[in-house]
Amino acid sequence: MNDISFRRFLVEGLEIENGFCLITGREAHHISRVLRMGRGDSMVLLDGKGGRFLAEIQSVSQENIKVQIKKPLGPVQPSPFEITLCQAVIKSASMDYLIQKTSELGVTRIFPFFSSRSVVHLKADRRQKKRHRWKEIAHNAAKQCNRDIPAEIGPPISFEQQLTSFENAPGLKVILWEKETSQDLKGLLQHYGPRVFTGIVGPEGGFTPEEVSNAQAAGFIPVSMGNRILRAETAALVLVAIVQYEWGDLQLP
Ligand code: SAH
């Protein structure tokens, strides 16, 4: 049987001791109660950092599942390049959708930010909770779509902080701006060819011209995706899909 035919489980913080490890919490409940897997059943365990192991269930108890690591599996082919999405925080359901869909499409990381026309504002304590929830969505999307490393989710910070942290970042950097009139995405991607990609997508209220010029000063090229104004979540997933189509792995190897 091919390794891919086993169910895959992502266990963050996976600790292997003497060839065994314990699975606890929600994942354990899922394995034993929902899937009704038990002693002798095989699975592929992922550590969320690229490590993959073929494992077999040894025992199931109320609290945990003990599995024996049978063998490490080779790393899977990583995405041919990195896509970072800097995304303004948008309304809850749309943001969740965006994180799930761009994860499926293979975005490497999502860095959320707040800008001047953001409709959604979160107090410091809520930011941590939100980030936790977004990580969970990325984690579940990774499991569902057969991805070994979930998209990384950065802490939500201000747009200015975000720009500063990307000032010296390598690769092609773009900011999606519906008012841009001379540069479109297609031309840019065809001109540059595959390299590290960072894209910024704005909030429901869009960007101010000043924010766009600050982004330009940090090395981001303003680009248009045509005359139709897309919702932020549509813009983000179209952006990731297009970059993957032009440079990435939206095709068979
Ligand atoms: N409220 C704004 C639109 C915001 S759309 C207005 O009506 O003018 C949300 C975000 O999606 C924008 O900040 C931009 O980053 C991106 N976006 C939407 N449509 C776009 C387009 N046609 N070209 C480039 N970016 C677009």
# chains A, B, ... in the order shown; residues from 1 in each chain; ligands from 1
$ select_by_dssp --residues "segment 14-238 of chain A" --states "alpha helix (DSSP H)" --output "MDAnalysis selection string"
chainID A and resid 25:29 92:104 124:145 159:166 185:192 209:217 232:238
$ residues_around --residues "Val67 of chain A" --least-positions-apart "4" --cutoff "6 Å" --atoms "only C-alpha atoms" --output "PyMOL selection string"
chain A and resi 20-21+56-58
$ write_last_selection --atoms "N, CA, C and O atoms" --output "PDB file, in the first residue's frame"
ATOM      1  N   PHE A  20       8.027   5.863  20.312  1.00  0.00           N
ATOM      2  CA  PHE A  20       6.587   5.995  20.559  1.00  0.00           C
ATOM      3  C   PHE A  20       6.211   7.463  20.742  1.00  0.00           C
ATOM      4  O   PHE A  20       7.053   8.268  21.122  1.00  0.00           O
ATOM      5  N   CYS A  21       4.947   7.784  20.494  1.00  0.00           N
ATOM      6  CA  CYS A  21       4.484   9.115  20.881  1.00  0.00           C
ATOM      7  C   CYS A  21       3.008   9.065  21.266  1.00  0.00           C
ATOM      8  O   CYS A  21       2.296   8.102  20.947  1.00  0.00           O
ATOM      9  N   GLU A  56       1.788   3.332  13.834  1.00  0.00           N
ATOM     10  CA  GLU A  56       0.730   2.340  14.069  1.00  0.00           C
ATOM     11  C   GLU A  56       0.198   2.496  15.492  1.00  0.00           C
ATOM     12  O   GLU A  56       0.971   2.652  16.430  1.00  0.00           O
ATOM     13  N   ILE A  57      -1.111   2.424  15.627  1.00  0.00           N
ATOM     14  CA  ILE A  57      -1.711   2.591  16.954  1.00  0.00           C
ATOM     15  C   ILE A  57      -1.396   1.370  17.831  1.00  0.00           C
ATOM     16  O   ILE A  57      -1.611   0.226  17.415  1.00  0.00           O
ATOM     17  N   GLN A  58      -0.854   1.664  19.031  1.00  0.00           N
ATOM     18  CA  GLN A  58      -0.537   0.611  19.999  1.00  0.00           C
ATOM     19  C   GLN A  58      -1.676   0.416  20.982  1.00  0.00           C
ATOM     20  O   GLN A  58      -2.051  -0.694  21.304  1.00  0.00           O
TER      21      GLN A  58
END
$ atom_distance --atom1 "atom CA of Ser32 of chain A" --atom2 "atom CA of Gly13 of chain A"
19.9 Å
$ closest_residue --among "A:Gly219, A:Pro209, A:Pro156, A:Pro203" --to "ligand 1" --atoms "only C-alpha atoms and all ligand atoms"
A:Pro203
$ residues_around --residues "segment 185-193 of chain A" --least-positions-apart "6" --cutoff "10 Å" --atoms "only C-alpha atoms" --output "list in words"
Gly171, Leu172, Val174, Leu176, Ile221, Pro222, Val223, Ser224, Met225, Gly226, Leu239, Ile242, Val243, Glu246 and Trp247 of chain A
$ residues_near_ligand --ligand "ligand 1" --cutoff "8 Å" --atoms "only C-alpha atoms and all ligand atoms" --output "count of residues only"
28
$ closest_residue --among "A:Gln251, A:Val196, A:Ser59, A:Gln183" --to "Val107 of chain A" --atoms "only C-alpha atoms"
A:Val196
$ residues_around --residues "Pro150 of chain A" --least-positions-apart "2" --cutoff "8 Å" --atoms "only C-alpha atoms" --output "ChimeraX atom specification"
/A:48,103,108,138-139,141-142,147-148,152
$ atom_distance --atom1 "atom CA of Leu54 of chain A" --atom2 "atom CA of Leu105 of chain A"
25.7 Å
$ residues_around --residues "Trp134 of chain A" --least-positions-apart "4" --cutoff "7 Å" --atoms "only C-alpha atoms" --output "list in words"
Asp96, Ile99, Lys130 and Ala138 of chain A
$ atom_distance --atom1 "atom CA of Leu10 of chain A" --atom2 "atom CA of Lys143 of chain A"
6.8 Å
$ closest_residue --among "A:Lys135, A:Lys129, A:His121, A:His30" --to "Ile157 of chain A" --atoms "only C-alpha atoms"
A:His121
$ residues_around --residues "Glu17 of chain A" --least-positions-apart "4" --cutoff "10 Å" --atoms "only C-alpha atoms" --output "ChimeraX atom specification"
/A:21-22,68-69
$ write_last_selection --atoms "C-alpha atoms" --output "CSV table (one decimal), in the first residue's frame"
chain,number,residue,atom,x,y,z
A,21,CYS,CA,4.5,9.1,20.9
A,22,LEU,CA,1.2,10.1,22.5
A,68,GLN,CA,4.5,3.4,17.5
A,69,ILE,CA,6.6,5.2,14.9
